[in-house]
>>> print(open('upload-v4.pdb').read())   # PDB, C-alpha atoms and all ligand atoms
ATOM      1  CA  MET W   1      15.918 -49.521 -19.672
ATOM      2  CA  ALA W   2      14.910 -51.657 -22.673
ATOM      3  CA  THR W   3      14.654 -49.860 -25.972
ATOM      4  CA  LYS W   4      11.638 -50.237 -28.266
ATOM      5  CA  GLU W   5      11.933 -51.075 -31.942
ATOM      6  CA  TYR W   6      10.697 -48.478 -34.410
ATOM      7  CA  GLN W   7      10.170 -48.552 -38.180
ATOM      8  CA  CYS W   8      11.811 -45.212 -38.969
ATOM      9  CA  VAL W   9      13.847 -44.374 -35.897
ATOM     10  CA  LYS W  10      16.739 -46.042 -34.137
ATOM     11  CA  ILE W  11      17.820 -45.517 -30.537
ATOM     12  CA  GLU W  12      21.323 -46.241 -29.323
ATOM     13  CA  LYS W  13      22.555 -45.698 -25.799
ATOM     14  CA  GLY W  14      25.946 -45.514 -24.141
ATOM     15  CA  GLU W  15      28.080 -43.405 -21.794
ATOM     16  CA  GLY W  16      25.035 -41.446 -20.640
ATOM     17  CA  ILE W  17      24.110 -40.432 -24.198
ATOM     18  CA  GLY W  18      20.867 -41.360 -25.947
ATOM     19  CA  TRP W  19      21.299 -41.289 -29.720
ATOM     20  CA  LEU W  20      18.002 -40.640 -31.450
ATOM     21  CA  ILE W  21      18.591 -41.475 -35.088
ATOM     22  CA  LEU W  22      16.275 -40.693 -37.991
ATOM     23  CA  ASN W  23      16.484 -43.968 -39.824
ATOM     24  CA  ARG W  24      15.352 -43.800 -43.436
ATOM     25  CA  PRO W  25      18.773 -43.506 -45.060
ATOM     26  CA  GLU W  26      17.488 -44.700 -48.432
ATOM     27  CA  LYS W  27      15.207 -41.616 -48.429
ATOM     28  CA  ARG W  28      17.890 -39.377 -46.897
ATOM     29  CA  ASN W  29      15.863 -39.449 -43.670
ATOM     30  CA  ALA W  30      12.989 -37.488 -45.172
ATOM     31  CA  MET W  31      10.264 -37.261 -42.540
ATOM     32  CA  SER W  32       7.310 -39.511 -43.321
ATOM     33  CA  PRO W  33       4.143 -39.610 -41.192
ATOM     34  CA  GLN W  34       5.400 -42.834 -39.581
ATOM     35  CA  LEU W  35       8.736 -41.218 -38.746
ATOM     36  CA  HIS W  36       6.892 -38.420 -36.952
ATOM     37  CA  LEU W  37       4.898 -40.928 -34.901
ATOM     38  CA  ASP W  38       8.050 -42.894 -34.085
ATOM     39  CA  MET W  39      10.040 -39.825 -33.105
ATOM     40  CA  ALA W  40       7.296 -38.506 -30.828
ATOM     41  CA  ASP W  41       7.196 -41.842 -29.011
ATOM     42  CA  ALA W  42      10.952 -42.422 -28.895
ATOM     43  CA  MET W  43      11.571 -39.004 -27.440
ATOM     44  CA  GLU W  44       9.314 -39.776 -24.485
ATOM     45  CA  GLU W  45      11.334 -42.921 -23.883
ATOM     46  CA  LEU W  46      14.620 -41.002 -23.789
ATOM     47  CA  ALA W  47      13.193 -38.153 -21.699
ATOM     48  CA  THR W  48      12.411 -40.530 -18.858
ATOM     49  CA  ASP W  49      15.267 -43.028 -19.246
ATOM     50  CA  PRO W  50      17.603 -42.685 -16.249
ATOM     51  CA  GLU W  51      20.525 -44.035 -18.316
ATOM     52  CA  VAL W  52      20.258 -41.033 -20.653
ATOM     53  CA  GLN W  53      21.690 -37.723 -19.471
ATOM     54  CA  VAL W  54      22.128 -36.037 -22.872
ATOM     55  CA  MET W  55      20.204 -36.700 -26.100
ATOM     56  CA  VAL W  56      21.774 -36.423 -29.542
ATOM     57  CA  VAL W  57      19.522 -36.162 -32.606
ATOM     58  CA  THR W  58      21.140 -37.260 -35.848
ATOM     59  CA  GLY W  59      20.512 -39.126 -39.101
ATOM     60  CA  ALA W  60      21.500 -42.533 -40.432
ATOM     61  CA  GLY W  61      23.749 -42.604 -43.484
ATOM     62  CA  LYS W  62      24.860 -39.473 -45.291
ATOM     63  CA  SER W  63      21.942 -37.265 -44.354
ATOM     64  CA  PHE W  64      20.762 -35.550 -41.181
ATOM     65  CA  CYS W  65      17.269 -35.048 -42.582
ATOM     66  CA  ALA W  66      16.039 -34.159 -46.091
ATOM     67  CA  GLY W  67      12.989 -32.331 -44.701
ATOM     68  CA  GLN W  68       9.409 -33.487 -44.960
ATOM     69  CA  ASP W  69       8.817 -36.469 -47.221
ATOM     70  CA  ILE W  70       7.375 -34.737 -50.257
ATOM     71  CA  GLN W  71       5.686 -37.922 -51.464
ATOM     72  CA  LEU W  72       4.264 -39.310 -48.227
ATOM     73  CA  THR W  73       3.662 -36.115 -46.301
ATOM     74  CA  PHE W  74       2.665 -33.556 -48.933
ATOM     75  CA  ARG W  75       1.245 -35.612 -51.780
ATOM     76  CA  GLY W  76      -0.045 -38.166 -49.260
ATOM     77  CA  ARG W  77      -2.037 -35.487 -47.480
ATOM     78  CA  GLU W  78      -4.065 -34.864 -50.632
ATOM     79  CA  THR W  79      -5.722 -38.271 -50.187
ATOM     80  CA  ALA W  80      -5.323 -38.937 -46.446
ATOM     81  CA  SER W  81      -8.336 -38.852 -44.165
ATOM     82  CA  PRO W  82      -8.760 -35.710 -42.030
ATOM     83  CA  ALA W  83      -8.197 -37.844 -38.923
ATOM     84  CA  ASP W  84      -4.882 -39.213 -40.187
ATOM     85  CA  THR W  85      -3.739 -35.793 -41.360
ATOM     86  CA  ARG W  86      -4.487 -34.351 -37.942
ATOM     87  CA  LYS W  87      -2.673 -37.181 -36.148
ATOM     88  CA  HIS W  88       0.448 -36.909 -38.335
ATOM     89  CA  ARG W  89       0.550 -33.122 -38.169
ATOM     90  CA  ALA W  90       0.308 -33.243 -34.385
ATOM     91  CA  ALA W  91       3.151 -35.775 -34.147
ATOM     92  CA  SER W  92       5.244 -33.725 -36.579
ATOM     93  CA  LYS W  93       4.905 -30.595 -34.459
ATOM     94  CA  ALA W  94       5.164 -32.499 -31.172
ATOM     95  CA  TRP W  95       8.589 -34.033 -31.682
ATOM     96  CA  ARG W  96      10.136 -31.363 -33.921
ATOM     97  CA  TRP W  97       9.312 -28.529 -31.556
ATOM     98  CA  ASP W  98       7.201 -29.054 -28.427
ATOM     99  CA  LYS W  99       9.015 -32.066 -27.030
ATOM    100  CA  LEU W 100      12.466 -30.848 -28.029
ATOM    101  CA  ASP W 101      11.824 -27.328 -26.782
ATOM    102  CA  THR W 102      10.903 -28.665 -23.351
ATOM    103  CA  PHE W 103      13.178 -31.700 -23.281
ATOM    104  CA  PRO W 104      14.390 -32.097 -19.687
ATOM    105  CA  LYS W 105      17.986 -32.940 -20.638
ATOM    106  CA  PRO W 106      20.490 -31.214 -22.926
ATOM    107  CA  THR W 107      19.882 -31.924 -26.613
ATOM    108  CA  ILE W 108      22.467 -31.784 -29.397
ATOM    109  CA  ALA W 109      21.691 -31.837 -33.121
ATOM    110  CA  MET W 110      24.577 -33.631 -34.819
ATOM    111  CA  VAL W 111      24.245 -32.570 -38.456
ATOM    112  CA  ASN W 112      26.074 -35.243 -40.369
ATOM    113  CA  GLY W 113      24.895 -34.399 -43.901
ATOM    114  CA  PHE W 114      21.870 -32.981 -45.737
ATOM    115  CA  CYS W 115      19.608 -30.706 -43.707
ATOM    116  CA  PHE W 116      16.696 -29.250 -45.652
ATOM    117  CA  GLY W 117      13.399 -27.464 -45.119
ATOM    118  CA  GLY W 118      11.384 -28.915 -42.258
ATOM    119  CA  ALA W 119      14.575 -30.297 -40.705
ATOM    120  CA  PHE W 120      15.372 -26.763 -39.542
ATOM    121  CA  THR W 121      12.710 -27.037 -36.847
ATOM    122  CA  PRO W 122      14.321 -29.882 -34.859
ATOM    123  CA  LEU W 123      17.722 -28.405 -35.681
ATOM    124  CA  CYS W 124      16.757 -25.089 -34.081
ATOM    125  CA  ALA W 125      14.842 -26.770 -31.263
ATOM    126  CA  CYS W 126      17.919 -28.615 -30.031
ATOM    127  CA  ASP W 127      19.972 -26.743 -27.465
ATOM    128  CA  TYR W 128      23.185 -27.116 -29.459
ATOM    129  CA  ALA W 129      24.020 -27.900 -33.071
ATOM    130  CA  LEU W 130      27.307 -29.371 -34.236
ATOM    131  CA  ALA W 131      27.774 -29.643 -37.985
ATOM    132  CA  ALA W 132      30.044 -31.577 -40.268
ATOM    133  CA  ASP W 133      32.073 -29.316 -42.543
ATOM    134  CA  GLU W 134      30.602 -31.390 -45.354
ATOM    135  CA  ALA W 135      26.966 -30.930 -44.247
ATOM    136  CA  ILE W 136      24.662 -29.253 -46.765
ATOM    137  CA  PHE W 137      21.959 -26.995 -45.353
ATOM    138  CA  GLY W 138      19.185 -25.388 -47.358
ATOM    139  CA  LEU W 139      15.815 -23.693 -47.022
ATOM    140  CA  SER W 140      14.784 -25.447 -50.200
ATOM    141  CA  GLU W 141      11.039 -24.837 -49.981
ATOM    142  CA  VAL W 142      11.184 -21.994 -52.514
ATOM    143  CA  ASN W 143      12.812 -24.370 -55.018
ATOM    144  CA  TRP W 144       9.575 -26.281 -55.374
ATOM    145  CA  GLY W 145       7.163 -23.443 -54.965
ATOM    146  CA  ILE W 146       6.267 -23.317 -51.285
ATOM    147  CA  LEU W 147       7.354 -21.191 -48.345
ATOM    148  CA  PRO W 148       9.144 -22.393 -45.185
ATOM    149  CA  GLY W 149       5.948 -23.274 -43.348
ATOM    150  CA  GLY W 150       5.120 -25.194 -40.201
ATOM    151  CA  ILE W 151       7.232 -23.000 -37.948
ATOM    152  CA  VAL W 152      10.423 -23.076 -40.034
ATOM    153  CA  SER W 153      10.398 -19.341 -40.893
ATOM    154  CA  TRP W 154       9.907 -18.542 -37.200
ATOM    155  CA  ASN W 155      12.744 -20.897 -36.249
ATOM    156  CA  VAL W 156      15.105 -19.429 -38.791
ATOM    157  CA  VAL W 157      14.739 -15.818 -37.656
ATOM    158  CA  GLN W 158      15.683 -16.878 -34.148
ATOM    159  CA  VAL W 159      19.051 -18.235 -35.166
ATOM    160  CA  MET W 160      19.919 -16.169 -38.270
ATOM    161  CA  ASN W 161      19.723 -12.439 -38.636
ATOM    162  CA  TYR W 162      16.868 -10.984 -40.688
ATOM    163  CA  ARG W 163      18.897 -10.294 -43.832
ATOM    164  CA  ASN W 164      20.326 -13.797 -43.955
ATOM    165  CA  ALA W 165      16.945 -15.391 -43.214
ATOM    166  CA  ILE W 166      15.348 -13.542 -46.141
ATOM    167  CA  TYR W 167      18.308 -14.325 -48.398
ATOM    168  CA  TYR W 168      18.507 -18.062 -47.752
ATOM    169  CA  ALA W 169      14.732 -18.568 -47.646
ATOM    170  CA  THR W 170      14.098 -16.772 -50.943
ATOM    171  CA  THR W 171      17.084 -18.095 -52.900
ATOM    172  CA  GLY W 172      17.201 -21.643 -51.548
ATOM    173  CA  ASP W 173      21.001 -21.345 -51.705
ATOM    174  CA  THR W 174      22.750 -24.121 -49.825
ATOM    175  CA  PHE W 175      25.512 -23.611 -47.267
ATOM    176  CA  ASP W 176      27.987 -25.897 -45.542
ATOM    177  CA  GLY W 177      28.836 -26.558 -41.897
ATOM    178  CA  LYS W 178      31.374 -23.747 -41.666
ATOM    179  CA  LYS W 179      28.889 -21.222 -43.032
ATOM    180  CA  ALA W 180      26.217 -22.622 -40.691
ATOM    181  CA  VAL W 181      28.384 -21.547 -37.758
ATOM    182  CA  GLU W 182      28.946 -18.103 -39.296
ATOM    183  CA  LEU W 183      25.181 -17.714 -39.711
ATOM    184  CA  GLY W 184      24.405 -18.794 -36.123
ATOM    185  CA  VAL W 185      22.687 -21.988 -37.248
ATOM    186  CA  ALA W 186      25.299 -24.236 -35.584
ATOM    187  CA  ASN W 187      27.682 -23.802 -32.662
ATOM    188  CA  PHE W 188      30.709 -25.552 -34.136
ATOM    189  CA  HIS W 189      31.789 -27.352 -37.274
ATOM    190  CA  TYR W 190      34.201 -30.253 -37.626
ATOM    191  CA  PRO W 191      35.320 -32.582 -40.382
ATOM    192  CA  LEU W 192      32.747 -35.363 -40.620
ATOM    193  CA  ALA W 193      35.305 -37.909 -39.411
ATOM    194  CA  GLN W 194      35.588 -36.033 -36.069
ATOM    195  CA  LEU W 195      31.954 -35.040 -35.642
ATOM    196  CA  ARG W 196      30.858 -37.970 -33.484
ATOM    197  CA  ASP W 197      33.853 -37.698 -31.125
ATOM    198  CA  GLU W 198      33.322 -33.973 -30.739
ATOM    199  CA  THR W 199      29.643 -34.553 -30.025
ATOM    200  CA  ILE W 200      30.527 -37.043 -27.313
ATOM    201  CA  LYS W 201      33.009 -34.546 -25.848
ATOM    202  CA  LEU W 202      30.329 -31.870 -25.615
ATOM    203  CA  ALA W 203      27.860 -34.350 -24.091
ATOM    204  CA  LYS W 204      30.413 -35.353 -21.460
ATOM    205  CA  LYS W 205      31.221 -31.742 -20.660
ATOM    206  CA  LEU W 206      27.521 -31.121 -19.999
ATOM    207  CA  MET W 207      27.219 -34.264 -17.880
ATOM    208  CA  GLU W 208      29.893 -32.930 -15.525
ATOM    209  CA  LYS W 209      27.739 -29.938 -14.572
ATOM    210  CA  SER W 210      24.815 -29.929 -12.169
ATOM    211  CA  PRO W 211      21.885 -31.372 -14.181
ATOM    212  CA  ALA W 212      19.389 -29.140 -12.401
ATOM    213  CA  ALA W 213      21.449 -26.001 -13.063
ATOM    214  CA  VAL W 214      21.899 -26.925 -16.740
ATOM    215  CA  ARG W 215      18.210 -27.672 -17.173
ATOM    216  CA  TYR W 216      16.993 -24.509 -15.450
ATOM    217  CA  THR W 217      19.555 -22.406 -17.292
ATOM    218  CA  LYS W 218      18.517 -23.634 -20.730
ATOM    219  CA  GLU W 219      14.854 -23.176 -19.823
ATOM    220  CA  ALA W 220      15.596 -19.650 -18.644
ATOM    221  CA  ILE W 221      17.527 -18.690 -21.782
ATOM    222  CA  ARG W 222      14.712 -20.025 -23.970
ATOM    223  CA  ALA W 223      11.977 -18.265 -22.001
ATOM    224  CA  VAL W 224      13.531 -14.801 -21.676
ATOM    225  CA  ARG W 225      13.824 -14.417 -25.447
ATOM    226  CA  PHE W 226      10.154 -13.507 -25.559
ATOM    227  CA  MET W 227       9.990 -11.290 -22.448
ATOM    228  CA  ASN W 228      10.596  -7.647 -21.748
ATOM    229  CA  GLU W 229      13.075  -6.639 -19.045
ATOM    230  CA  PRO W 230      10.727  -6.446 -16.015
ATOM    231  CA  GLN W 231       9.118  -9.761 -16.975
ATOM    232  CA  ALA W 232      12.527 -11.360 -17.374
ATOM    233  CA  GLU W 233      13.714 -10.093 -14.013
ATOM    234  CA  ASP W 234      10.637 -11.385 -12.234
ATOM    235  CA  TYR W 235      10.757 -14.720 -14.039
ATOM    236  CA  LEU W 236      14.487 -15.217 -13.402
ATOM    237  CA  ASN W 237      14.118 -14.449  -9.694
ATOM    238  CA  ALA W 238      11.320 -16.991  -9.418
ATOM    239  CA  LYS W 239      13.222 -19.526 -11.517
ATOM    240  CA  SER W 240      16.331 -19.109  -9.346
ATOM    241  CA  ASP W 241      14.285 -19.713  -6.207
ATOM    242  CA  ALA W 242      12.689 -22.768  -7.806
ATOM    243  CA  LEU W 243      16.112 -24.162  -8.701
ATOM    244  CA  LYS W 244      17.123 -24.139  -5.022
ATOM    245  CA  HIS W 245      14.197 -26.430  -4.295
ATOM    246  CA  VAL W 246      14.470 -28.856  -7.206
ATOM    247  CA  ASP W 247      18.240 -29.328  -7.136
ATOM    248  CA  LYS W 248      18.665 -32.651  -5.374
ATOM    249  CA  GLU W 249      22.430 -32.133  -5.256
ATOM    250  CA  ASN W 250      22.078 -28.786  -3.506
ATOM    251  CA  GLY W 251      24.607 -27.403  -5.962
ATOM    252  CA  ARG W 252      24.433 -23.801  -4.868
ATOM    253  CA  GLN W 253      25.385 -24.569  -1.246
ATOM    254  CA  GLU W 254      27.951 -27.150  -2.292
ATOM    255  CA  GLY W 255      29.425 -24.798  -4.882
ATOM    256  CA  MET W 256      29.781 -22.036  -2.287
ATOM    257  CA  ARG W 257      31.225 -24.436   0.291
ATOM    258  CA  GLN W 258      33.874 -25.819  -2.050
ATOM    259  CA  PHE W 259      34.909 -22.322  -3.164
ATOM    260  CA  LEU W 260      34.656 -20.343   0.075
ATOM    261  CA  ASP W 261      35.514 -22.938   2.743
ATOM    262  CA  GLU W 262      37.379 -25.739   1.046
ATOM    263  CA  LYS W 263      38.996 -23.507  -1.587
ATOM    264  CA  SER W 264      39.107 -26.550  -3.858
ATOM    265  CA  TYR W 265      38.058 -24.875  -7.131
ATOM    266  CA  ARG W 266      37.450 -21.492  -8.749
ATOM    267  CA  PRO W 267      33.961 -21.013 -10.225
ATOM    268  CA  GLY W 268      35.353 -18.658 -12.847
ATOM    269  CA  LEU W 269      37.580 -21.400 -14.189
ATOM    270  CA  GLY W 270      35.650 -24.621 -13.708
ATOM    271  CA  HIS W 271      32.826 -26.365 -11.896
ATOM    272  CA  PHE W 272      32.510 -27.673  -8.356
ATOM    273  CA  LYS W 273      32.929 -31.387  -7.726
ATOM    274  CA  ARG W 274      29.566 -33.121  -7.790
ATOM    275  CA  LYS W 275      28.898 -35.733  -5.143
ATOM    276  CA  LYS W 276      26.508 -37.806  -7.199
ATOM    277  CA  LYS W 277      26.047 -37.847 -10.929
ATOM    278  CA  GLU W 278      22.359 -38.649 -11.330
ATOM    279  CA  ALA W 279      19.757 -35.903 -11.600
TER     280      ALA W 279
HETATM  281  N1  LIG R   1      10.871 -36.257 -49.846
HETATM  282  C1  LIG R   1      10.649 -37.427 -50.467
HETATM  283  N2  LIG R   1      11.636 -38.227 -50.948
HETATM  284  C2  LIG R   1      12.895 -37.803 -50.766
HETATM  285  C3  LIG R   1      13.209 -36.578 -50.128
HETATM  286  C4  LIG R   1      12.124 -35.794 -49.653
HETATM  287  N3  LIG R   1      12.311 -34.648 -48.960
HETATM  288  N4  LIG R   1      14.538 -36.427 -50.120
HETATM  289  C5  LIG R   1      15.052 -37.515 -50.728
HETATM  290  N5  LIG R   1      14.061 -38.342 -51.110
HETATM  291  C6  LIG R   1      14.165 -39.631 -51.804
HETATM  292  C7  LIG R   1      14.381 -39.476 -53.287
HETATM  293  O1  LIG R   1      13.157 -39.262 -53.957
HETATM  294  C8  LIG R   1      15.020 -40.800 -53.619
HETATM  295  O2  LIG R   1      14.006 -41.786 -53.648
HETATM  296  P1  LIG R   1      14.082 -43.002 -54.733
HETATM  297  O3  LIG R   1      15.378 -43.708 -54.420
HETATM  298  O4  LIG R   1      12.883 -43.794 -54.419
HETATM  299  O5  LIG R   1      14.098 -42.326 -56.056
HETATM  300  C9  LIG R   1      15.878 -41.070 -52.380
HETATM  301  O6  LIG R   1      15.317 -40.305 -51.328
HETATM  302  C10 LIG R   1      17.313 -40.659 -52.530
HETATM  303  O7  LIG R   1      17.313 -39.326 -52.976
HETATM  304  P2  LIG R   1      18.281 -38.795 -54.130
HETATM  305  O8  LIG R   1      17.750 -37.483 -54.562
HETATM  306  O9  LIG R   1      18.482 -39.826 -55.153
HETATM  307  O10 LIG R   1      19.637 -38.636 -53.265
HETATM  308  P3  LIG R   1      20.824 -37.617 -53.443
HETATM  309  O11 LIG R   1      21.812 -38.011 -52.394
HETATM  310  O12 LIG R   1      21.274 -37.522 -54.849
HETATM  311  O13 LIG R   1      20.204 -36.167 -53.066
HETATM  312  C11 LIG R   1      18.968 -34.660 -51.662
HETATM  313  C12 LIG R   1      19.798 -35.954 -51.740
HETATM  314  C13 LIG R   1      19.823 -33.447 -52.059
HETATM  315  C14 LIG R   1      18.541 -34.534 -50.202
HETATM  316  C15 LIG R   1      17.743 -34.743 -52.624
HETATM  317  O14 LIG R   1      17.098 -35.987 -52.449
HETATM  318  C16 LIG R   1      16.739 -33.652 -52.386
HETATM  319  O15 LIG R   1      16.892 -32.554 -52.909
HETATM  320  N6  LIG R   1      15.675 -33.915 -51.566
HETATM  321  C17 LIG R   1      14.683 -32.941 -51.256
HETATM  322  C18 LIG R   1      15.194 -32.002 -50.174
HETATM  323  C19 LIG R   1      14.173 -30.941 -49.843
HETATM  324  O16 LIG R   1      13.969 -30.021 -50.599
HETATM  325  N7  LIG R   1      13.544 -31.039 -48.646
HETATM  326  C20 LIG R   1      12.591 -30.095 -48.198
HETATM  327  C21 LIG R   1      11.274 -30.699 -48.322
HETATM  328  S1  LIG R   1      10.019 -29.505 -48.011
HETATM  329  C22 LIG R   1       9.879 -29.380 -46.366
HETATM  330  O17 LIG R   1      10.581 -30.004 -45.597
HETATM  331  C23 LIG R   1       8.785 -28.449 -45.758
END
>>> encode(input="upload-v4.pdb", output="structure tokens", more="lines below")
Ligand code: ACO
Amino acid sequence: MATKEYQCVKIEKGEGIGWLILNRPEKRNAMSPQLHLDMADAMEELATDPEVQVMVVTGAGKSFCAGQDIQLTFRGRETASPADTRKHRAASKAWRWDKLDTFPKPTIAMVNGFCFGGAFTPLCACDYALAADEAIFGLSEVNWGILPGGIVSWNVVQVMNYRNAIYYATTGDTFDGKKAVELGVANFHYPLAQLRDETIKLAKKLMEKSPAAVRYTKEAIRAVRFMNEPQAEDYLNAKSDALKHVDKENGRQEGMRQFLDEKSYRPGLGHFKRKKKEA
């Protein structure tokens, strides 16, 4: 599928991976109104592109994302028309949370450098986060007199514990990739020089699994966080039944057949052999 050109975003594709790259390196990939519009559009492209099985969100240059563009987004809003403000705010929320939260394919945040403030929303919205050891994270809002707004505070308490969320949000202290893993903000950390290869490895591992099972599983894990036990049980039963119907590869039957009849694999130790790779 042909890829569109954007002002503030770059798309690269290969080996089943769609790389969605914030592309304002000279501004450390701070999120301008135009970047929000571009990201919201680009994400739709990757969601429906059959060549893309896993999406990686990352930044050009030495930064993942330096948060909202303080000049264009915050100061700009003081003079922008209400219509423009509304449009940019909607795009900002749409790509950083709504579209990522419901993205139909696995999403990986590859944190290659600075990650500040509003960048925590897409970071937390991605299914996985891999960080460079050298990455610098910070809830820097307090440093210039605001609080982690949008939905950043809400995002942070879902990945960090309460004490750490309060500490990092009120001090603005930075932390590196290793600490990000300790805090639950990232899954793994690697030296920057290995980060891309490790990201590709994770993407390929995910591509080997049944796409329907991976998608329904991540949706289930996300949804049950906000349910009580009886709701979760009911939802998971219904979701499991739905999976049987949407899985074009009929993974459940095939998985049972290969284990019970063919004895060709052990589900505890690896996955069944898929007949076709596309979802
Ligand atoms: N908003 C607007 N411009 C920015 C931002 C930002 N968030 N981040 C960087 N820039 C701009 C700088 O103003 C500078 O522009 P200029 O070249 O026109 O002067 C350019 O990007 C490069 O920035 P430097 O500060 O020179 O780069 P350096 O590598 O030394 O530092 C760093 C990078 C640490 C990211 C620094 O720019 C910074 O602290 N940025 C702000 C980070 C932040 O607090 N973000 C949260 C914003 S609030 C929110 O998201 C809700």
>>> resolve_selection(input="upload-v4.pdb", expression="the PyMOL selection byres (((chain W and resi 211) around 12) and not hetatm)", output="PyMOL selection string")
chain W and resi 52-54+104-106+203-210+212-218+243+246-251+274+276-279
>>> resolve_selection(input="upload-v4.pdb", expression="the PyMOL selection byres (((not hetatm)) within 9 of (chain R and resi 1))", output="VMD selection string")
chain W and resid 24 to 32 62 to 63 65 to 74 113 to 120 136 138 to 144 146 to 150 152
>>> residues_near_point(input="upload-v4.pdb", point="(17.7, -54.9, -25.4)", cutoff="12 Å", atoms="all atoms listed in the file", output="list in words")
Met1, Ala2, Thr3, Lys4, Glu5, Ile11, Glu12 and Lys13 of chain W
>>> closest_residue(input="upload-v4.pdb", among="W:Glu219, W:Asp84, W:Asp49, W:Glu78", to="Leu100 in chain W", atoms="all atoms listed in the file")
W:Glu219
>>> closest_residue(input="upload-v4.pdb", among="W:Asp38, W:Phe137, W:Gln7, W:Ala109", to="Ala169 in chain W", atoms="all atoms listed in the file")
W:Phe137
>>> residues_around(input="upload-v4.pdb", residues="Leu195 in chain W", least_positions_apart="2", cutoff="10 Å", atoms="all atoms listed in the file", output="mmCIF file with C-alpha atoms, in the coordinates of the input")
data_model
loop_
_atom_site.group_PDB
_atom_site.id
_atom_site.type_symbol
_atom_site.label_atom_id
_atom_site.label_comp_id
_atom_site.auth_asym_id
_atom_site.auth_seq_id
_atom_site.Cartn_x
_atom_site.Cartn_y
_atom_site.Cartn_z
ATOM 1 C CA MET W 110 24.577 -33.631 -34.819
ATOM 2 C CA VAL W 111 24.245 -32.570 -38.456
ATOM 3 C CA ASN W 112 26.074 -35.243 -40.369
ATOM 4 C CA LEU W 130 27.307 -29.371 -34.236
ATOM 5 C CA ALA W 131 27.774 -29.643 -37.985
ATOM 6 C CA ALA W 132 30.044 -31.577 -40.268
ATOM 7 C CA ASP W 133 32.073 -29.316 -42.543
ATOM 8 C CA PHE W 188 30.709 -25.552 -34.136
ATOM 9 C CA HIS W 189 31.789 -27.352 -37.274
ATOM 10 C CA TYR W 190 34.201 -30.253 -37.626
ATOM 11 C CA PRO W 191 35.320 -32.582 -40.382
ATOM 12 C CA LEU W 192 32.747 -35.363 -40.620
ATOM 13 C CA ALA W 193 35.305 -37.909 -39.411
ATOM 14 C CA ASP W 197 33.853 -37.698 -31.125
ATOM 15 C CA GLU W 198 33.322 -33.973 -30.739
ATOM 16 C CA THR W 199 29.643 -34.553 -30.025
ATOM 17 C CA ILE W 200 30.527 -37.043 -27.313
ATOM 18 C CA LYS W 201 33.009 -34.546 -25.848
#
>>> closest_residue(input="upload-v4.pdb", among="W:Lys239, W:Lys10, W:His271, W:Arg163", to="Met43 in chain W", atoms="all atoms listed in the file")
W:Lys10
>>> atom_distance(input="upload-v4.pdb", atom1="CA of Ala135 in chain W", atom2="CA of Gly177 in chain W")
5.3 Å
>>> residues_near_point(input="upload-v4.pdb", point="(21.3, -26.8, -29.0)", cutoff="10 Å", atoms="only C-alpha atoms", output="list in words")
Val56, Leu100, Asp101, Pro106, Thr107, Ile108, Ala109, Met110, Pro122, Leu123, Cys124, Ala125, Cys126, Asp127, Tyr128, Ala129, Leu130, Val185, Ala186, Asn187 and Lys218 of chain W
>>> atom_distance(input="upload-v4.pdb", atom1="CA of Pro82 in chain W", atom2="CA of Ala40 in chain W")
19.8 Å
>>> atom_distance(input="upload-v4.pdb", atom1="CA of Ile166 in chain W", atom2="CA of Ile221 in chain W")
25.0 Å
>>> closest_residue(input="upload-v4.pdb", among="W:Ala238, W:Val181, W:Leu37, W:Ala60", to="Arg89 in chain W", atoms="only C-alpha atoms")
W:Leu37
>>> decode(input="upload-v4.pdb", residues="range 75-86 of chain W", atoms="C-alpha atoms", output="compact mmCIF listing (two decimals), in the first residue's frame")
# COMPACT_ATOMS: atom_id res chain seq x y z
CA ARG W 75 1.25 29.54 23.77
CA GLY W 76 -0.39 29.05 20.37
CA ARG W 77 -3.68 28.18 22.02
CA GLU W 78 -3.82 31.62 23.62
CA THR W 79 -4.43 33.15 20.18
CA ALA W 80 -5.89 30.24 18.19
CA SER W 81 -9.53 30.26 17.18
CA PRO W 82 -11.88 28.07 19.25
CA ALA W 83 -12.47 25.92 16.16
CA ASP W 84 -8.76 25.28 15.62
CA THR W 85 -8.19 24.60 19.31
CA ARG W 86 -11.00 22.07 19.30
